[in-house]
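Below is data-v3.pdb, which holds PDB, C-alpha atoms.
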ATOM      1  CA  MET O 206      76.615 -34.390 -12.096  1.00  0.00           C
ATOM      2  CA  ALA O 207      74.908 -32.027 -14.495  1.00  0.00           C
ATOM      3  CA  TYR O 208      71.526 -32.849 -15.947  1.00  0.00           C
ATOM      4  CA  LYS O 209      71.746 -33.472 -19.710  1.00  0.00           C
ATOM      5  CA  LYS O 210      68.892 -32.197 -21.784  1.00  0.00           C
ATOM      6  CA  ASN O 211      67.708 -33.903 -24.912  1.00  0.00           C
ATOM      7  CA  PHE O 212      67.999 -31.269 -27.629  1.00  0.00           C
ATOM      8  CA  ARG O 213      66.177 -33.215 -30.331  1.00  0.00           C
ATOM      9  CA  SER O 214      62.942 -31.575 -31.257  1.00  0.00           C
ATOM     10  CA  LYS O 215      60.100 -33.961 -30.589  1.00  0.00           C
ATOM     11  CA  ARG O 216      57.058 -33.942 -32.797  1.00  0.00           C
ATOM     12  CA  PRO O 217      53.758 -33.338 -31.038  1.00  0.00           C
ATOM     13  CA  LYS O 218      51.336 -36.226 -30.783  1.00  0.00           C
ATOM     14  CA  ASP O 219      48.811 -36.523 -33.590  1.00  0.00           C
ATOM     15  CA  ASN O 220      45.351 -36.061 -32.070  1.00  0.00           C
ATOM     16  CA  ALA O 221      43.518 -35.757 -35.378  1.00  0.00           C
ATOM     17  CA  VAL O 222      40.433 -37.859 -36.021  1.00  0.00           C
ATOM     18  CA  GLY O 223      40.234 -39.905 -39.189  1.00  0.00           C
ATOM     19  CA  LEU O 224      42.854 -39.833 -41.937  1.00  0.00           C
ATOM     20  CA  ALA O 225      44.851 -36.701 -41.219  1.00  0.00           C
ATOM     21  CA  VAL O 226      48.532 -35.977 -41.710  1.00  0.00           C
ATOM     22  CA  THR O 227      50.572 -33.068 -40.414  1.00  0.00           C
ATOM     23  CA  VAL O 228      53.366 -31.564 -42.492  1.00  0.00           C
ATOM     24  CA  HIS O 229      56.638 -31.060 -40.608  1.00  0.00           C
ATOM     25  CA  ASN O 230      59.464 -28.815 -41.886  1.00  0.00           C
ATOM     26  CA  ASN O 231      57.625 -28.169 -45.186  1.00  0.00           C
ATOM     27  CA  ASN O 232      58.103 -31.825 -46.130  1.00  0.00           C
ATOM     28  CA  VAL O 233      54.986 -32.248 -48.275  1.00  0.00           C
ATOM     29  CA  GLU O 234      56.353 -35.304 -50.107  1.00  0.00           C
ATOM     30  CA  GLY O 235      56.877 -37.161 -46.841  1.00  0.00           C
ATOM     31  CA  ALA O 236      53.421 -36.212 -45.602  1.00  0.00           C
ATOM     32  CA  LEU O 237      51.881 -37.371 -48.887  1.00  0.00           C
ATOM     33  CA  LYS O 238      53.710 -40.692 -48.563  1.00  0.00           C
ATOM     34  CA  VAL O 239      52.328 -41.138 -45.035  1.00  0.00           C
ATOM     35  CA  LEU O 240      48.811 -40.214 -46.197  1.00  0.00           C
ATOM     36  CA  LYS O 241      48.934 -42.709 -49.065  1.00  0.00           C
ATOM     37  CA  ARG O 242      50.052 -45.439 -46.670  1.00  0.00           C
ATOM     38  CA  LYS O 243      47.224 -44.583 -44.246  1.00  0.00           C
ATOM     39  CA  VAL O 244      44.634 -44.682 -47.052  1.00  0.00           C
ATOM     40  CA  LYS O 245      45.995 -47.998 -48.303  1.00  0.00           C
ATOM     41  CA  ASP O 246      46.024 -49.559 -44.835  1.00  0.00           C
ATOM     42  CA  SER O 247      42.480 -48.399 -44.099  1.00  0.00           C
ATOM     43  CA  ASN O 248      41.124 -49.962 -47.345  1.00  0.00           C
ATOM     44  CA  LEU O 249      39.178 -46.763 -47.970  1.00  0.00           C
ATOM     45  CA  PHE O 250      39.290 -46.878 -51.772  1.00  0.00           C
ATOM     46  CA  ILE O 251      38.411 -50.561 -51.880  1.00  0.00           C
ATOM     47  CA  GLU O 252      35.341 -49.888 -49.766  1.00  0.00           C
ATOM     48  CA  LEU O 253      34.361 -46.909 -51.917  1.00  0.00           C
ATOM     49  CA  ARG O 254      34.690 -49.000 -55.062  1.00  0.00           C
ATOM     50  CA  GLU O 255      32.504 -51.711 -53.541  1.00  0.00           C
ATOM     51  CA  ARG O 256      29.854 -49.199 -52.441  1.00  0.00           C
ATOM     52  CA  GLU O 257      29.759 -47.429 -55.806  1.00  0.00           C
ATOM     53  CA  TYR O 258      26.918 -49.687 -56.940  1.00  0.00           C
ATOM     54  CA  TYR O 259      24.440 -51.757 -54.996  1.00  0.00           C
ATOM     55  CA  THR O 260      25.164 -55.460 -55.024  1.00  0.00           C
ATOM     56  CA  LYS O 261      22.463 -57.897 -54.124  1.00  0.00           C
ATOM     57  CA  PRO O 262      23.144 -60.185 -51.159  1.00  0.00           C
ATOM     58  CA  SER O 263      22.984 -63.196 -53.466  1.00  0.00           C
ATOM     59  CA  GLU O 264      25.742 -61.678 -55.631  1.00  0.00           C
ATOM     60  CA  THR O 265      28.029 -61.134 -52.645  1.00  0.00           C
ATOM     61  CA  LYS O 266      27.307 -64.679 -51.480  1.00  0.00           C
ATOM     62  CA  ARG O 267      28.134 -66.042 -54.944  1.00  0.00           C
ATOM     63  CA  HIS O 268      31.321 -63.973 -55.087  1.00  0.00           C
ATOM     64  CA  LYS O 269      32.498 -65.284 -51.696  1.00  0.00           C
ATOM     65  CA  HIS O 270      31.669 -68.847 -52.748  1.00  0.00           C
ATOM     66  CA  ASN O 271      33.665 -68.467 -55.974  1.00  0.00           C
ATOM     67  CA  LEU O 272      36.647 -67.060 -54.048  1.00  0.00           C
ATOM     68  CA  ALA O 273      36.517 -70.016 -51.665  1.00  0.00           C
ATOM     69  CA  LYS O 274      36.472 -72.434 -54.607  1.00  0.00           C
ATOM     70  CA  LEU O 275      39.457 -70.645 -56.128  1.00  0.00           C
ATOM     71  CA  ARG O 276      41.401 -70.782 -52.831  1.00  0.00           C
ATOM     72  CA  ASN O 277      40.670 -74.503 -52.573  1.00  0.00           C
ATOM     73  CA  HIS O 278      41.787 -75.030 -56.171  1.00  0.00           C
ATOM     74  CA  TYR O 279      45.116 -73.299 -55.531  1.00  0.00           C
ATOM     75  CA  ALA O 280      45.612 -75.264 -52.304  1.00  0.00           C
ATOM     76  CA  VAL O 281      45.062 -78.565 -54.147  1.00  0.00           C
ATOM     77  CA  GLN O 282      47.520 -77.507 -56.872  1.00  0.00           C
ATOM     78  CA  LYS O 283      50.100 -76.580 -54.246  1.00  0.00           C
ATOM     79  CA  GLU O 284      49.736 -79.979 -52.556  1.00  0.00           C
ATOM     80  CA  LYS O 285      50.181 -81.747 -55.907  1.00  0.00           C
ATOM     81  CA  ASN O 286      53.355 -79.796 -56.626  1.00  0.00           C
ATOM     82  CA  ASN O 287      54.746 -80.525 -53.153  1.00  0.00           C
ATOM     83  CA  ASP O 288      54.151 -84.280 -53.564  1.00  0.00           C
ATOM     84  CA  LYS O 289      56.153 -84.468 -56.779  1.00  0.00           C
TER      85      LYS O 289
END
Take the structure from the file and write it as structure tokens.
Amino acid sequence: MAYKKNFRSKRPKDNAVGLAVTVHNNNVEGALKVLKRKVKDSNLFIELREREYYTKPSETKRHKHNLAKLRNHYAVQKEKNNDK
């Protein structure tokens, strides 16, 4: 029995550090799509926006407290709608 070779060209492993994308077959649009997804998944721009200005610890604490109150409010509304 003859040995069958796999003729599909395999892409080399990505050993880059950080957010790096390699362009294969001059497919810049595909590489840009992958880069945008990586940036979105890493929350890089959200972190940069938060670090743009200094926020006092009391402000961050207040912000977290207000978000918790809002989550609780929505949970109570959802329970009311489910009971009806």
12 Å contact set for Lys241 of chain O, all atoms listed in the file, chain neighbours under 5 positions out, as a PDB file with C-alpha atoms, in the coordinates of the input:
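And here is the file that came out, selection-v3.pdb:
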ATOM      1  CA  LEU O 224      42.854 -39.833 -41.937  1.00  0.00           C
ATOM      2  CA  ALA O 225      44.851 -36.701 -41.219  1.00  0.00           C
ATOM      3  CA  VAL O 226      48.532 -35.977 -41.710  1.00  0.00           C
ATOM      4  CA  GLU O 234      56.353 -35.304 -50.107  1.00  0.00           C
ATOM      5  CA  GLY O 235      56.877 -37.161 -46.841  1.00  0.00           C
ATOM      6  CA  ALA O 236      53.421 -36.212 -45.602  1.00  0.00           C
ATOM      7  CA  ASP O 246      46.024 -49.559 -44.835  1.00  0.00           C
ATOM      8  CA  SER O 247      42.480 -48.399 -44.099  1.00  0.00           C
ATOM      9  CA  ASN O 248      41.124 -49.962 -47.345  1.00  0.00           C
ATOM     10  CA  LEU O 249      39.178 -46.763 -47.970  1.00  0.00           C
ATOM     11  CA  PHE O 250      39.290 -46.878 -51.772  1.00  0.00           C
TER      12      PHE O 250
END
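Ranking O:Lys215, O:Arg276, O:Lys245, O:Lys283 by their shortest atom-to-atom distance to His229 of chain O, with only C-alpha atoms included, puts O:Lys215 first.
Of note, atom CA of Lys269 of chain O and atom CA of Glu257 of chain O are spaced 18.5 Å apart.
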